[in-house]
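One structure is given below, encoded as structure tokens.
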Amino acid sequence: MTITTLSSRQFQQNANRAQKATRAGPVFITNRGKPTQVLLSFEEYQRITGQRRNIVEALSMPGLGDIDLDIPRSRDLPRPADLS
């Protein structure tokens with residue numbers, strides 16, 4: 001993996017170069033010598049974040065309908081609503 005570093009001025013003047021550089025690795029964009037942003041290829045972004053699922057995807061997995069889920073009833077008494 002190759003890390004490319006560009007100043008924000010270089011990035012603004014040649015965004016195409018930065019996009020091409022993401023094929024080899026992340027591109028660090030600096031402002032006054034300090035890294036402020038990282039540009040990644042979409043494939044790398046998916047690789048980094050792809051392990052996470054949202055709740056809808058997790059609950060729509062095949063076979064979940066066959067699982068018995070026994071949740072005990074709560075013994076707490078309901079409280080009257082305060083509508084004041």
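Identifiers in the structure tokens: chain A, B, ... in order shown; residue index from 1 per chain; ligand index from 1 in order shown.
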Exercise. Among chain A, which residues carry a DSSP assignment of alpha helix (DSSP H), reported as an MDAnalysis selection string?
Worked result: chainID A and resid 8:13 15:21 42:49 55:59
Same residues, C-alpha atoms, saved as a PDB file, in the first residue's frame:
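The resulting file, again01.pdb, is shown below:
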```pdb
ATOM      1  CA  SER A   8      -4.979  21.096   0.078  1.00  0.00           C
ATOM      2  CA  ARG A   9      -3.732  23.408  -2.690  1.00  0.00           C
ATOM      3  CA  GLN A  10      -2.307  20.469  -4.663  1.00  0.00           C
ATOM      4  CA  PHE A  11      -5.555  18.571  -4.161  1.00  0.00           C
ATOM      5  CA  GLN A  12      -7.640  21.505  -5.435  1.00  0.00           C
ATOM      6  CA  GLN A  13      -5.404  21.987  -8.455  1.00  0.00           C
ATOM      7  CA  ALA A  15      -8.133  16.297  -7.917  1.00  0.00           C
ATOM      8  CA  ASN A  16      -7.765  13.770 -10.743  1.00  0.00           C
ATOM      9  CA  ARG A  17      -4.252  12.914  -9.526  1.00  0.00           C
ATOM     10  CA  ALA A  18      -5.624  12.294  -6.027  1.00  0.00           C
ATOM     11  CA  GLN A  19      -8.378  10.053  -7.374  1.00  0.00           C
ATOM     12  CA  LYS A  20      -5.871   7.973  -9.317  1.00  0.00           C
ATOM     13  CA  ALA A  21      -3.573   7.751  -6.284  1.00  0.00           C
ATOM     14  CA  PHE A  42     -14.757   3.261  -2.619  1.00  0.00           C
ATOM     15  CA  GLU A  43     -13.606  -0.363  -2.464  1.00  0.00           C
ATOM     16  CA  GLU A  44     -11.314   0.428   0.469  1.00  0.00           C
ATOM     17  CA  TYR A  45     -14.092   2.338   2.211  1.00  0.00           C
ATOM     18  CA  GLN A  46     -16.427  -0.644   1.791  1.00  0.00           C
ATOM     19  CA  ARG A  47     -13.749  -2.991   3.100  1.00  0.00           C
ATOM     20  CA  ILE A  48     -13.297  -0.861   6.210  1.00  0.00           C
ATOM     21  CA  THR A  49     -16.988  -0.290   6.923  1.00  0.00           C
ATOM     22  CA  ILE A  55     -30.709  -3.291  12.200  1.00  0.00           C
ATOM     23  CA  VAL A  56     -32.958  -3.907   9.194  1.00  0.00           C
ATOM     24  CA  GLU A  57     -30.344  -6.099   7.501  1.00  0.00           C
ATOM     25  CA  ALA A  58     -29.661  -7.984  10.727  1.00  0.00           C
ATOM     26  CA  LEU A  59     -33.351  -8.719  11.341  1.00  0.00           C
TER      27      LEU A  59
END
```
For this session: Find the spatial neighbours of stretch 34-41 of chain A, counting only C-alpha atoms, within a cut-off of 8 Å - ignore same-chain residues fewer than 4 positions away - and output them as a count of residues only.
Result: 11
For this session: Step one, run DSSP on the backbone; step two, keep only residues of chain A assigned to strand (DSSP E); then write them as a VMD selection string.
Result: chain A and resid 4 to 7 27 to 31 34 to 39
Exercise. By how many Å are atom CA of A:Met1 and atom CA of A:Gly33 apart?
Worked result: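 According to the coordinates, atom CA of A:Met1 and atom CA of A:Gly33 are separated by 21.9 Å.
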Problem set entry | Between atom CA of A:Ile3 and atom CA of A:Ala24, distance in Å (one decimal) |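 Between atom CA of A:Ile3 and atom CA of A:Ala24 the gap is 7.6 Å.
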